[in-house]
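Participant: This is data.cif (mmCIF, C-alpha atoms and all ligand atoms).
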data_final
#
loop_
_atom_site.label_atom_id
_atom_site.label_comp_id
_atom_site.auth_asym_id
_atom_site.auth_seq_id
_atom_site.Cartn_x
_atom_site.Cartn_y
_atom_site.Cartn_z
CA MET A 17 114.37 109.56 92.08
CA LYS A 18 113.59 105.86 92.00
CA LYS A 19 112.94 104.64 88.47
CA ASN A 20 110.61 101.70 88.04
CA LYS A 21 109.72 99.72 85.00
CA GLU A 22 107.29 101.27 82.59
CA PHE A 23 103.67 100.18 82.21
CA GLU A 24 102.93 98.78 78.80
CA PHE A 25 99.44 100.04 77.93
CA LYS A 26 97.31 97.94 75.59
CA PRO A 27 94.03 99.15 74.08
CA PHE A 28 91.38 99.98 76.68
CA SER A 29 87.88 98.52 76.50
CA ARG A 30 84.82 100.78 76.24
CA LYS A 31 84.07 100.19 79.96
CA GLN A 32 87.62 101.10 80.90
CA LYS A 33 87.36 104.29 78.82
CA GLN A 34 84.15 105.21 80.65
CA LEU A 35 86.08 104.88 83.90
CA LEU A 36 89.09 106.76 82.52
CA PHE A 37 87.13 109.79 81.34
CA TRP A 38 83.96 109.98 83.51
CA TRP A 39 85.13 113.24 85.12
CA THR A 40 86.05 115.05 81.90
CA GLU A 41 84.20 118.04 80.42
CA ASP A 42 82.32 116.00 77.76
CA SER A 43 81.11 113.30 80.16
CA PRO A 44 77.43 113.24 81.22
CA HIS A 45 78.66 112.07 84.66
CA LYS A 46 81.15 114.85 85.33
CA ASP A 47 79.11 116.40 88.15
CA LYS A 48 78.91 113.19 90.16
CA ASP A 49 80.99 112.92 93.33
CA THR A 50 81.79 109.25 93.29
CA VAL A 51 82.61 106.46 90.87
CA ILE A 52 82.35 102.79 91.81
CA ALA A 53 83.72 100.09 89.54
CA ASP A 54 82.63 96.66 90.71
CA GLY A 55 82.66 93.23 89.12
CA SER A 56 84.77 90.25 88.13
CA ILE A 57 88.35 89.63 89.09
CA ARG A 58 91.02 90.68 86.57
CA SER A 59 88.52 92.73 84.62
CA GLY A 60 90.74 95.83 84.39
CA LYS A 61 89.11 97.95 87.12
CA THR A 62 92.19 98.85 89.14
CA ILE A 63 94.44 99.77 86.26
CA ALA A 64 91.88 102.03 84.58
CA MET A 65 90.99 103.59 87.93
CA ILE A 66 94.60 104.44 88.75
CA ALA A 67 95.09 106.12 85.36
CA SER A 68 91.79 107.98 85.72
CA PHE A 69 92.56 109.15 89.26
CA LEU A 70 96.03 110.36 88.30
CA MET A 71 94.78 112.36 85.31
CA TRP A 72 91.80 113.81 87.18
CA SER A 73 93.78 114.84 90.25
CA GLN A 74 96.66 116.34 88.22
CA TYR A 75 94.51 118.19 85.71
CA THR A 76 92.07 119.52 88.31
CA PHE A 77 94.16 120.42 91.36
CA SER A 78 97.51 121.71 92.46
CA GLY A 79 98.97 121.77 95.94
CA GLU A 80 96.29 119.43 97.33
CA ASP A 81 96.38 116.19 99.30
CA PHE A 82 94.85 112.90 98.16
CA ILE A 83 94.12 109.54 99.75
CA LEU A 84 95.19 106.18 98.33
CA ALA A 85 93.70 103.33 100.36
CA GLY A 86 93.95 99.54 100.27
CA LYS A 87 92.87 96.79 102.66
CA THR A 88 96.39 96.95 104.10
CA ILE A 89 99.40 99.06 103.14
CA GLY A 90 100.96 95.88 101.74
CA ALA A 91 97.95 95.18 99.51
CA LEU A 92 97.90 98.83 98.38
CA LYS A 93 101.58 98.76 97.44
CA ARG A 94 101.16 95.52 95.50
CA ASN A 95 97.92 96.31 93.69
CA VAL A 96 98.02 100.09 93.26
CA ILE A 97 101.38 101.71 93.95
CA LYS A 98 103.43 99.31 91.84
CA PRO A 99 101.42 99.78 88.61
CA MET A 100 100.95 103.47 89.44
CA LEU A 101 104.70 104.14 89.50
CA GLN A 102 105.04 102.23 86.24
CA ILE A 103 102.31 104.39 84.69
CA LEU A 104 104.07 107.53 85.93
CA ASN A 105 107.27 106.30 84.27
CA THR A 106 105.47 105.63 81.01
CA TRP A 107 103.91 109.08 81.05
CA GLN A 108 107.22 110.58 82.21
CA TRP A 109 105.58 112.42 85.08
CA GLU A 110 108.08 113.32 87.77
CA TYR A 111 107.38 111.91 91.22
CA LYS A 112 108.98 111.51 94.60
CA TYR A 113 108.08 108.31 96.42
CA ASN A 114 108.71 108.31 100.15
CA ARG A 115 108.62 104.61 100.98
CA SER A 116 109.09 104.89 104.71
CA GLU A 117 106.54 107.65 105.26
CA ASN A 118 104.13 106.16 102.71
CA TYR A 119 103.41 109.10 100.46
CA ILE A 120 104.11 110.12 96.88
CA ILE A 121 104.50 113.65 95.59
CA ILE A 122 103.46 114.10 91.97
CA GLY A 123 103.73 117.62 90.60
CA SER A 124 102.50 119.80 93.46
CA ASN A 125 100.01 117.24 94.85
CA THR A 126 100.69 114.75 97.62
CA TYR A 127 99.16 111.25 97.72
CA TYR A 128 99.05 109.64 101.17
CA MET A 129 98.84 105.87 101.47
CA PHE A 130 96.56 104.12 103.97
CA GLY A 131 95.76 100.59 105.10
CA ALA A 132 92.04 100.58 105.90
CA ASN A 133 92.35 97.91 108.56
CA ASN A 134 95.05 99.70 110.50
CA GLU A 135 93.85 101.68 113.57
CA ALA A 136 96.86 104.00 113.54
CA SER A 137 96.16 104.83 109.93
CA GLN A 138 92.71 106.09 110.90
CA ASP A 139 94.27 108.62 113.28
CA VAL A 140 96.45 110.03 110.50
CA LEU A 141 93.45 110.13 108.19
CA GLN A 142 91.54 112.16 110.76
CA GLY A 143 94.00 115.04 110.46
CA LEU A 144 93.84 115.26 106.68
CA THR A 145 91.89 117.55 104.37
CA ALA A 146 91.82 115.90 100.98
CA ALA A 147 90.64 116.69 97.47
CA GLY A 148 89.98 113.07 96.55
CA ALA A 149 90.42 109.41 97.38
CA LEU A 150 91.07 106.17 95.56
CA ALA A 151 89.92 103.06 97.46
CA ASP A 152 91.06 99.74 95.97
CA GLU A 153 89.10 96.57 96.93
CA VAL A 154 86.76 98.64 99.07
CA THR A 155 84.49 95.73 100.10
CA LEU A 156 87.38 94.66 102.36
CA PHE A 157 87.40 97.96 104.28
CA PRO A 158 85.62 98.56 107.59
CA GLU A 159 82.68 100.87 107.05
CA ASN A 160 83.97 103.50 109.47
CA PHE A 161 87.17 103.86 107.42
CA VAL A 162 85.14 104.59 104.29
CA GLU A 163 82.98 107.12 106.17
CA GLN A 164 86.08 108.76 107.56
CA MET A 165 87.75 108.79 104.13
CA ILE A 166 84.74 110.43 102.49
CA GLY A 167 84.50 112.89 105.37
CA ARG A 168 88.10 114.00 104.80
CA CYS A 169 87.45 114.85 101.15
CA SER A 170 86.10 118.31 101.84
CA VAL A 171 87.94 120.38 99.23
CA GLU A 172 85.53 121.88 96.67
CA GLY A 173 85.27 119.59 93.65
CA SER A 174 86.65 116.54 95.43
CA LYS A 175 85.76 113.08 94.13
CA ILE A 176 85.90 109.52 95.44
CA PHE A 177 87.04 106.60 93.28
CA MET A 178 86.22 103.09 94.59
CA ASN A 179 86.60 99.63 93.11
CA CYS A 180 85.79 96.17 94.39
CA ASN A 181 84.77 92.59 93.76
CA PRO A 182 81.22 91.96 94.90
CA GLY A 183 80.34 90.56 98.32
CA SER A 184 77.05 90.05 100.13
CA PRO A 185 74.05 92.00 98.76
CA PHE A 186 73.74 93.38 102.32
CA HIS A 187 77.28 94.73 102.29
CA TYR A 188 77.31 98.49 102.98
CA VAL A 189 79.07 99.23 99.66
CA LYS A 190 76.09 97.67 97.88
CA THR A 191 73.31 99.07 100.06
CA GLU A 192 74.76 102.53 100.72
CA PHE A 193 76.41 103.39 97.41
CA ILE A 194 75.38 101.14 94.54
CA ASP A 195 71.70 100.80 95.48
CA LYS A 196 71.55 104.54 96.24
CA ALA A 197 73.58 105.56 93.19
CA THR A 198 71.04 108.08 91.91
CA GLU A 199 70.33 109.86 95.17
CA LYS A 200 74.01 109.86 96.23
CA GLN A 201 75.42 111.03 92.89
CA VAL A 202 77.35 107.82 92.33
CA TYR A 203 78.45 106.68 88.88
CA HIS A 204 78.33 102.87 88.93
CA LEU A 205 80.26 100.84 86.38
CA HIS A 206 79.96 97.06 86.29
CA PHE A 207 82.95 95.14 84.89
CA THR A 208 83.16 91.58 83.58
CA LEU A 209 86.09 89.57 82.22
CA ASP A 210 85.23 90.76 78.69
CA ASP A 211 85.97 94.34 79.76
CA ASN A 212 89.66 93.49 79.94
CA LEU A 213 90.82 93.18 76.33
CA THR A 214 94.24 91.95 77.40
CA LEU A 215 92.82 88.59 78.56
CA SER A 216 92.86 85.86 75.94
CA GLU A 217 89.91 83.46 75.62
CA ARG A 218 92.14 80.74 77.04
CA ILE A 219 92.96 82.75 80.16
CA LYS A 220 89.31 83.74 80.66
CA GLU A 221 88.34 80.09 80.38
CA ARG A 222 90.97 79.22 82.98
CA TYR A 223 89.55 81.79 85.41
CA ARG A 224 86.01 80.49 84.80
CA LYS A 225 87.13 76.96 85.61
CA MET A 226 88.77 78.05 88.84
CA PHE A 227 85.49 78.91 90.56
CA THR A 228 82.11 77.35 91.20
CA GLY A 229 78.95 78.24 93.11
CA LEU A 230 79.06 81.40 95.19
CA PHE A 231 82.61 82.20 94.13
CA TYR A 232 81.78 81.81 90.45
CA LYS A 233 78.82 84.16 90.80
CA ARG A 234 80.87 86.75 92.65
CA TYR A 235 84.31 86.59 91.07
CA ILE A 236 83.45 85.61 87.50
CA LEU A 237 79.95 86.97 86.94
CA GLY A 238 80.65 89.82 89.33
CA LEU A 239 77.30 89.54 91.12
CA TRP A 240 76.44 90.53 94.69
CA VAL A 241 75.11 87.21 96.00
CA LEU A 242 74.47 85.98 99.49
CA ALA A 243 76.79 83.43 101.07
CA GLU A 244 74.17 80.93 102.13
CA GLY A 245 73.85 77.23 102.65
CA VAL A 246 76.67 74.71 102.46
CA ILE A 247 80.07 76.33 101.87
CA TYR A 248 81.74 73.53 99.92
CA ASP A 249 78.71 72.65 97.80
CA MET A 250 81.11 71.61 95.04
CA PHE A 251 82.32 68.71 97.22
CA ASP A 252 80.94 65.55 95.66
CA THR A 253 81.34 62.36 97.71
CA ASP A 254 81.30 60.26 94.53
CA LYS A 255 84.21 62.18 93.14
CA HIS A 256 86.20 63.42 96.10
CA VAL A 257 86.01 60.52 98.54
CA ILE A 258 88.50 57.83 97.53
CA GLN A 259 89.60 54.40 98.73
CA GLU A 260 93.23 54.57 97.77
CA ILE A 261 95.79 57.29 98.24
CA PRO A 262 98.75 57.40 95.84
CA GLU A 263 102.32 57.57 97.09
CA CYS A 264 102.82 61.29 97.76
CA ASP A 265 105.83 63.57 97.39
CA GLU A 266 105.36 65.04 100.84
CA TYR A 267 103.17 64.80 103.90
CA ILE A 268 101.99 67.51 106.27
CA VAL A 269 99.94 67.49 109.45
CA SER A 270 97.43 70.12 110.33
CA ILE A 271 95.94 70.75 113.77
CA ASP A 272 92.78 72.41 115.01
CA TYR A 273 92.90 72.53 118.77
CA GLY A 274 89.97 72.92 121.14
CA THR A 275 89.67 72.85 124.88
CA GLY A 276 85.87 72.75 125.07
CA ASN A 277 85.59 71.93 121.36
CA PRO A 278 87.02 68.89 119.56
CA THR A 279 90.70 68.63 118.66
CA VAL A 280 91.57 67.47 115.17
CA PHE A 281 94.77 66.33 113.45
CA LEU A 282 94.76 65.73 109.71
CA LEU A 283 97.44 63.95 107.76
CA ILE A 284 97.60 65.42 104.25
CA GLY A 285 99.64 64.02 101.37
CA ILE A 286 100.64 66.23 98.44
CA LYS A 287 101.45 65.05 94.94
CA ASP A 288 101.44 66.97 91.63
CA GLY A 289 99.54 69.91 93.11
CA LYS A 290 96.86 67.60 94.51
CA TYR A 291 96.03 67.25 98.19
CA TYR A 292 94.96 63.99 99.84
CA VAL A 293 93.47 63.92 103.35
CA MET A 294 94.72 60.48 104.33
CA ASP A 295 93.97 60.14 108.00
CA GLU A 296 92.21 62.04 110.76
CA TYR A 297 92.31 62.18 114.54
CA TYR A 298 89.16 63.58 116.10
CA TYR A 299 88.57 63.84 119.84
CA SER A 300 85.58 65.58 121.35
CA GLY A 301 85.87 65.88 125.14
CA ARG A 302 82.23 66.90 125.29
CA ASP A 303 81.06 63.72 123.54
CA LYS A 304 83.44 61.47 125.42
CA GLY A 305 82.61 63.07 128.77
CA ARG A 306 86.22 63.91 129.54
CA GLN A 307 88.58 66.66 128.37
CA LYS A 308 92.18 65.81 127.57
CA THR A 309 95.19 67.79 128.77
CA ASP A 310 97.80 69.23 126.40
CA SER A 311 100.13 66.49 127.47
CA GLU A 312 97.60 63.75 126.64
CA TYR A 313 96.92 65.35 123.25
CA ALA A 314 100.67 65.50 122.62
CA ASP A 315 100.89 61.75 123.38
CA ASP A 316 98.08 61.13 120.89
CA PHE A 317 99.84 63.33 118.37
CA LYS A 318 103.02 61.30 118.72
CA GLU A 319 101.01 58.14 118.07
CA PHE A 320 99.27 59.77 115.07
CA VAL A 321 102.50 60.74 113.28
CA LYS A 322 104.46 57.66 114.30
CA GLY A 323 106.53 56.18 111.49
CA ARG A 324 105.47 58.84 109.03
CA ARG A 325 107.66 61.29 107.17
CA ILE A 326 106.22 64.72 107.89
CA SER A 327 107.64 67.81 106.22
CA ALA A 328 105.61 70.40 108.12
CA ILE A 329 103.13 70.70 110.98
CA TYR A 330 100.64 73.57 111.00
CA ALA A 331 98.50 74.46 113.99
CA ASP A 332 95.63 76.70 114.91
CA PRO A 333 97.44 79.99 115.70
CA SER A 334 95.39 80.39 118.89
CA ALA A 335 96.56 77.03 120.28
CA ALA A 336 99.55 78.61 122.04
CA SER A 337 99.80 76.17 124.95
CA PHE A 338 99.53 73.08 122.76
CA ILE A 339 102.08 74.46 120.27
CA THR A 340 104.46 74.99 123.19
CA GLU A 341 103.84 71.45 124.42
CA LEU A 342 104.55 69.96 120.98
CA ARG A 343 107.67 72.08 120.54
CA LYS A 344 108.94 70.95 123.93
CA ARG A 345 108.72 67.43 122.57
CA GLY A 346 110.74 68.31 119.49
CA HIS A 347 107.97 68.78 116.91
CA TYR A 348 108.55 71.84 114.75
CA VAL A 349 105.09 73.40 114.67
CA ILE A 350 104.22 76.43 112.54
CA PRO A 351 101.32 78.68 113.61
CA ALA A 352 98.97 78.62 110.65
CA ASP A 353 97.71 81.35 108.41
CA ASN A 354 94.12 82.04 109.48
CA ALA A 355 92.65 84.30 106.80
CA VAL A 356 89.25 82.56 106.80
CA LEU A 357 87.67 83.82 103.60
CA ASP A 358 90.80 83.64 101.46
CA GLY A 359 91.31 80.13 102.83
CA ILE A 360 87.76 79.02 102.04
CA ARG A 361 88.07 80.42 98.53
CA TYR A 362 91.35 78.56 98.05
CA VAL A 363 89.99 75.24 99.32
CA ALA A 364 86.82 75.66 97.22
CA ASN A 365 88.99 76.21 94.14
CA LEU A 366 90.96 73.05 94.86
CA ILE A 367 87.76 71.01 95.13
CA SER A 368 86.33 72.52 91.93
CA GLN A 369 89.51 71.70 90.10
CA ASN A 370 89.50 68.12 91.47
CA ARG A 371 92.69 68.73 93.37
CA LEU A 372 91.48 67.76 96.84
CA PHE A 373 90.52 64.24 97.93
CA VAL A 374 89.63 62.54 101.20
CA HIS A 375 90.15 58.92 102.15
CA GLU A 376 86.89 57.19 103.01
CA LYS A 377 88.04 56.40 106.54
CA CYS A 378 88.09 60.12 107.45
CA ARG A 379 84.43 60.10 108.49
CA ASN A 380 84.40 63.40 110.38
CA THR A 381 86.10 65.27 107.54
CA ILE A 382 83.63 63.90 105.01
CA THR A 383 80.65 64.77 107.20
CA GLU A 384 81.85 68.30 107.80
CA PHE A 385 82.45 68.86 104.08
CA THR A 386 78.75 68.24 103.53
CA VAL A 387 77.40 70.34 106.43
CA TYR A 388 79.91 73.20 106.96
CA SER A 389 77.72 76.24 106.27
CA TRP A 390 77.60 80.01 106.04
CA ASP A 391 76.21 81.86 109.04
CA PRO A 392 72.78 83.22 107.96
CA LYS A 393 72.71 85.90 110.70
CA ALA A 394 76.11 87.28 109.68
CA ALA A 395 74.96 87.22 106.04
CA GLN A 396 72.06 89.52 106.91
CA ARG A 397 74.61 91.97 108.32
CA GLY A 398 76.54 91.82 105.03
CA GLU A 399 79.33 89.64 106.43
CA ASP A 400 80.58 86.34 105.02
CA LYS A 401 81.26 84.07 107.97
CA PRO A 402 81.09 80.30 108.43
CA LEU A 403 78.90 78.98 111.24
CA LYS A 404 80.99 78.01 114.22
CA GLU A 405 79.78 74.43 114.21
CA HIS A 406 80.93 71.31 112.40
CA ASP A 407 83.98 73.34 111.48
CA HIS A 408 86.88 71.57 113.21
CA THR A 409 88.22 69.40 110.40
CA MET A 410 87.40 72.24 108.01
CA ASP A 411 89.53 74.68 110.03
CA ALA A 412 92.36 72.17 110.30
CA LEU A 413 92.25 71.52 106.57
CA ARG A 414 92.37 75.22 105.76
CA TYR A 415 95.26 75.84 108.15
CA GLY A 416 97.34 73.11 106.55
CA ILE A 417 96.61 73.67 102.91
CA CYS A 418 96.67 77.46 102.90
CA SER A 419 99.74 77.87 105.07
CA HIS A 420 101.61 75.26 103.11
CA SER A 421 100.70 76.60 99.71
CA SER A 422 101.60 80.18 100.57
CA ARG A 423 105.10 78.90 101.37
CA ARG A 424 105.96 81.78 103.57
CA VAL A 425 108.02 79.38 105.62
CA VAL A 426 111.35 78.08 104.48
CA ARG A 427 110.90 74.49 103.30
CA LEU A 428 111.75 72.20 106.18
CA THR A 429 114.01 69.27 105.77
CA THR A 430 112.12 66.02 106.03
CA VAL A 431 112.15 64.53 109.50
CA ARG A 432 111.66 60.89 110.36
CA TRP A 433 109.84 60.77 113.71
N1 LIG A 501 94.56 98.55 79.00
C1 LIG A 501 95.41 97.72 79.58
N2 LIG A 501 96.70 97.68 79.20
C2 LIG A 501 97.58 96.83 79.77
N3 LIG A 501 97.25 95.96 80.75
C3 LIG A 501 95.98 95.95 81.18
C4 LIG A 501 94.99 96.83 80.63
N4 LIG A 501 93.82 96.57 81.24
C5 LIG A 501 94.05 95.61 82.13
N5 LIG A 501 95.35 95.22 82.11
C6 LIG A 501 96.00 94.19 82.92
O1 LIG A 501 95.05 93.16 83.25
C7 LIG A 501 95.25 92.70 84.56
C8 LIG A 501 93.97 92.85 85.37
O2 LIG A 501 93.65 94.22 85.49
P1 LIG A 501 93.30 94.89 86.90
O3 LIG A 501 94.30 94.52 87.92
O4 LIG A 501 93.06 96.32 86.66
O5 LIG A 501 91.94 94.11 87.17
P2 LIG A 501 90.93 94.22 88.40
O6 LIG A 501 89.59 94.31 87.82
O7 LIG A 501 91.36 95.29 89.33
O8 LIG A 501 91.11 92.78 89.05
P3 LIG A 501 90.90 92.32 90.59
O9 LIG A 501 89.42 92.37 90.85
O10 LIG A 501 91.41 90.91 90.55
O11 LIG A 501 91.69 93.26 91.45
C9 LIG A 501 96.41 93.49 85.15
O12 LIG A 501 97.60 92.76 85.00
C10 LIG A 501 96.41 94.74 84.28
O13 LIG A 501 97.67 95.33 84.24
MG MG A 502 91.96 95.23 91.33
#
In structure tokens, how does this file's structure come out?
Facilitator:
Amino acid sequence: MKKNKEFEFKPFSRKQKQLLFWWTEDSPHKDKDTVIADGSIRSGKTIAMIASFLMWSQYTFSGEDFILAGKTIGALKRNVIKPMLQILNTWQWEYKYNRSENYIIIGSNTYYMFGANNEASQDVLQGLTAAGALADEVTLFPENFVEQMIGRCSVEGSKIFMNCNPGSPFHYVKTEFIDKATEKQVYHLHFTLDDNLTLSERIKERYRKMFTGLFYKRYILGLWVLAEGVIYDMFDTDKHVIQEIPECDEYIVSIDYGTGNPTVFLLIGIKDGKYYVMDEYYYSGRDKGRQKTDSEYADDFKEFVKGRRISAIYADPSAASFITELRKRGHYVIPADNAVLDGIRYVANLISQNRLFVHEKCRNTITEFTVYSWDPKAAQRGEDKPLKEHDHTMDALRYGICSHSSRRVVRLTTVRW
């Protein structure tokens, strides 16, 4: 049996206790089928939900199967399984964790792990008859997975536990479960930072400062608000457009490549956790009346980076032919991380914290910062998506900054071109 660390419980808040004990005999909500805990980041939803789910499933059933679901198996293991095993150690409940087959046996019950965005995982789910499910970060799940998951919970007395940060007010979790809480027998609990007693005032203040606008409303206030209008509305030309760039510790280049659309290269300097967009290359074949070939773009790229010390080059992951062309010429190009929403949130945080600046000569980048907008049609469908226009420097910027900061690549030695 694999022994993990123990979980060090601190006093639970009233909200956490409501989540911990909603299914117990004394609770006015015990006959409900579903609990949803939504709200701010770090507000103590997941930890209280795991403890609640473990107690409920162990005290109520034996010999049954349960579902544990995350956006991906990786996210589930990080956010749920890790603290869950620590809790089991603290409580001294025996368990058998099968890492390769992704299930855990606790007492006589079996808990199967699923990644909601994995097609194969849906097939396995289809064959299961479960007595309950715990869905962590459920706003990130496709709707059909949630339907399927609920459909599998057909054992008498089964219950569904879901938690999430808010998204669009048109998101199905909001419209189908929270708005219909009474008719669908859903117990809805709304969490804020104050519902996690382990956070000090200083830490809460730090979280509050990390977000502005839409992200502040969703992740700090925990509200379901529409992604509408300009995405980087915290970008202030007076503050973030500068005339002089300091000497930086390292320089990276980021590429957004288009065949019909413009191609962009950005030179970004990094110093003391701050990012400086120092120079841009922007070529629109449509505007200029002539498309360029990969080879011509590679010539322009060579000119763009000439004489500069570049520690990494990140490119649009879909730009396979151009990446090949650059590699043929000896440039070490890394296909970028393209998680759009995480990337937008990260860039927005940098701007809010005054950690991202643009040199005044980068006209296209500055323009796009002020017009890059959410797609209103997608918003009506409950999806957060940027409009696919005026997004080229914005995509390039995100590729560079997010891929570089996640540091999944081994640091490259500095090359003099
Ligand atoms: N009662 C408690 N005892 C010990 N630690 C706690 C307690 N409540 C919350 N925490 C800790 O606070 C942190 C945030 O809690 P948790 O992960 O449950 O928040 P969350 O609401 O799920 O956040 P997110 O929306 O970011 O996923 C975690 O490190 C968690 O272990
Ligand atoms: Mg959580």
Participant: Which is closest to ligand LIG 501 (chain A) among A:Ile120, A:Lys48, A:Gln74, A:Leu213, if we use only C-alpha atoms and all ligand atoms?
Facilitator: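 Ranked by minimum distance to ligand LIG 501 (chain A), first place goes to A:Leu213.
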Participant: Which residue is closest to Ser68 in chain A? Choose from A:Tyr113, A:Tyr297, A:Phe37, A:Phe281 and count all atoms listed in the file.
Facilitator: A:Phe37
Participant: Give the residues close to ligand LIG 501 (chain A), within 7 Å, counting only C-alpha atoms and all ligand atoms; write them as a list in words.
Facilitator: Glu24, Phe25, Lys26, Pro27, Phe28, Ser56, Ile57, Arg58, Ser59, Gly60, Lys61, Thr62, Ile63, Ala64, Glu153, Cys180, Asn181, Asn212, Leu213, Thr214 and Leu215 of chain A
Participant: At a cut-off of 12 Å, using all atoms listed in the file, what residues contact Thr340 in chain A? Leave out same-chain residues fewer than 2 positions from it and give the result as a PDB file with C-alpha atoms, in the frame of the given file.
Facilitator:
ATOM      1  CA  ASP A 310      97.800  69.230 126.400  1.00  0.00           C
ATOM      2  CA  SER A 311     100.130  66.490 127.470  1.00  0.00           C
ATOM      3  CA  ALA A 314     100.670  65.500 122.620  1.00  0.00           C
ATOM      4  CA  ALA A 331      98.500  74.460 113.990  1.00  0.00           C
ATOM      5  CA  PRO A 333      97.440  79.990 115.700  1.00  0.00           C
ATOM      6  CA  SER A 334      95.390  80.390 118.890  1.00  0.00           C
ATOM      7  CA  ALA A 335      96.560  77.030 120.280  1.00  0.00           C
ATOM      8  CA  ALA A 336      99.550  78.610 122.040  1.00  0.00           C
ATOM      9  CA  SER A 337      99.800  76.170 124.950  1.00  0.00           C
ATOM     10  CA  PHE A 338      99.530  73.080 122.760  1.00  0.00           C
ATOM     11  CA  LEU A 342     104.550  69.960 120.980  1.00  0.00           C
ATOM     12  CA  ARG A 343     107.670  72.080 120.540  1.00  0.00           C
ATOM     13  CA  LYS A 344     108.940  70.950 123.930  1.00  0.00           C
ATOM     14  CA  ARG A 345     108.720  67.430 122.570  1.00  0.00           C
ATOM     15  CA  GLY A 346     110.740  68.310 119.490  1.00  0.00           C
ATOM     16  CA  HIS A 347     107.970  68.780 116.910  1.00  0.00           C
ATOM     17  CA  TYR A 348     108.550  71.840 114.750  1.00  0.00           C
ATOM     18  CA  VAL A 349     105.090  73.400 114.670  1.00  0.00           C
ATOM     19  CA  ILE A 350     104.220  76.430 112.540  1.00  0.00           C
ATOM     20  CA  PRO A 351     101.320  78.680 113.610  1.00  0.00           C
TER      21      PRO A 351
END
Participant: Dig up all the protein and nucleic acid residues within 9 Å of (96.1, 95.1, 101.1) in the file frame, using all atoms listed in the file, and format them as a ChimeraX atom specification.
Facilitator: /A:85-95,131-133,152-153,156
Participant: Name all residues at most 6 Å from Tyr292 in chain A (count all atoms listed in the file; drop same-chain ones fewer than 4 positions away) and give them as JSON, numbers by chain.
Facilitator: {"A": [284, 285, 372, 373, 374]}
Participant: Take the residues just selected and output them with C-alpha atoms as a PDB file, in the coordinates of the input.
Facilitator:
ATOM      1  CA  ILE A 284      97.600  65.420 104.250  1.00  0.00           C
ATOM      2  CA  GLY A 285      99.640  64.020 101.370  1.00  0.00           C
ATOM      3  CA  LEU A 372      91.480  67.760  96.840  1.00  0.00           C
ATOM      4  CA  PHE A 373      90.520  64.240  97.930  1.00  0.00           C
ATOM      5  CA  VAL A 374      89.630  62.540 101.200  1.00  0.00           C
TER       6      VAL A 374
END
Participant: CA of Ser78 in chain A and CA of Asp47 in chain A, how far apart in Å?
Facilitator: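 It comes out at 19.6 Å.
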Participant: Find the residues around Ile122 in chain A up to 9 Å (only C-alpha atoms counted), leave out those fewer than 3 positions away in its own chain, and share them as a VMD selection string.
Facilitator: chain A and resid 74 104 109 to 113 125 to 127
Participant: Using all atoms listed in the file, find the one residue out of A:Tyr388, A:Phe161, A:Tyr299, A:Phe82 that sits nearest to Ser124 in chain A.
Facilitator: A:Phe82
Participant: So how many Å separate CA of Lys233 in chain A and CA of Val51 in chain A, to one decimal?
Facilitator: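 Spanning CA of Lys233 in chain A to CA of Val51 in chain A is a straight-line distance of 22.6 Å.
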Participant: Just give me the gap between CA of Val363 in chain A and CA of Ile247 in chain A in Å, one decimal is fine.
Facilitator: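 Separation between CA of Val363 in chain A and CA of Ile247 in chain A: 10.3 Å.
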Participant: Which residue out of A:Asp54, A:Asp49, A:Glu41, A:Asp315 has the minimum interatomic distance to ligand MG 502 (chain A) when only C-alpha atoms and all ligand atoms are used?
Facilitator: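 Going through A:Asp54, A:Asp49, A:Glu41, A:Asp315 one by one, the smallest distance to ligand MG 502 (chain A) is for A:Asp54.
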Participant: Nearest residue to Asp391 in chain A out of A:Ala149, A:Ile97, A:Leu403, A:Leu282, using all atoms listed in the file?
Facilitator: A:Leu403
Participant: Within 7 Å of Ser300 in chain A, counting all atoms listed in the file, which residues qualify if same-chain residues fewer than 2 places away don't, as a list of chain:residue names?
Facilitator: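 Using all atoms listed in the file, the neighbours found are A:Asn277, A:Pro278, A:Thr279, A:Tyr298, A:Arg302, A:Asp303, A:Lys304.
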Participant: Which is closest to ligand MG 502 (chain A) among A:Gly173, A:Pro182, A:Gly79, A:Pro262, if we use all atoms listed in the file?
Facilitator: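 Distance minimum relative to ligand MG 502 (chain A) lands on A:Pro182.
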Participant: Can I get the residues of range 149-251 of chain A within 12 Å of range 381-387 of chain A, each with the closest pair of atoms and their distance in Å to one decimal, using only C-alpha atoms, sorted chain first then ascending number, as JSON lines?
Facilitator:
{"residue": "A:Glu244", "atom": "CA", "partner": "A:Val387", "partner_atom": "CA", "distance": 11.9}
{"residue": "A:Gly245", "atom": "CA", "partner": "A:Val387", "partner_atom": "CA", "distance": 8.6}
{"residue": "A:Val246", "atom": "CA", "partner": "A:Val387", "partner_atom": "CA", "distance": 5.9}
{"residue": "A:Ile247", "atom": "CA", "partner": "A:Val387", "partner_atom": "CA", "distance": 8.0}
{"residue": "A:Tyr248", "atom": "CA", "partner": "A:Phe385", "partner_atom": "CA", "distance": 6.3}
{"residue": "A:Asp249", "atom": "CA", "partner": "A:Thr386", "partner_atom": "CA", "distance": 7.2}
{"residue": "A:Met250", "atom": "CA", "partner": "A:Thr386", "partner_atom": "CA", "distance": 9.4}
{"residue": "A:Phe251", "atom": "CA", "partner": "A:Phe385", "partner_atom": "CA", "distance": 6.9}
Participant: Using all atoms listed in the file, determine which residues lie at most 9 Å from Leu36 in chain A, disregarding the query and same-chain residues fewer than 6 positions distant; provide the list as a list in words.
Facilitator: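 In the requested format, the answer is Ala64, Met65, Ile66, Ala67, Ser68, Phe69, Met71 and Trp72 of chain A.
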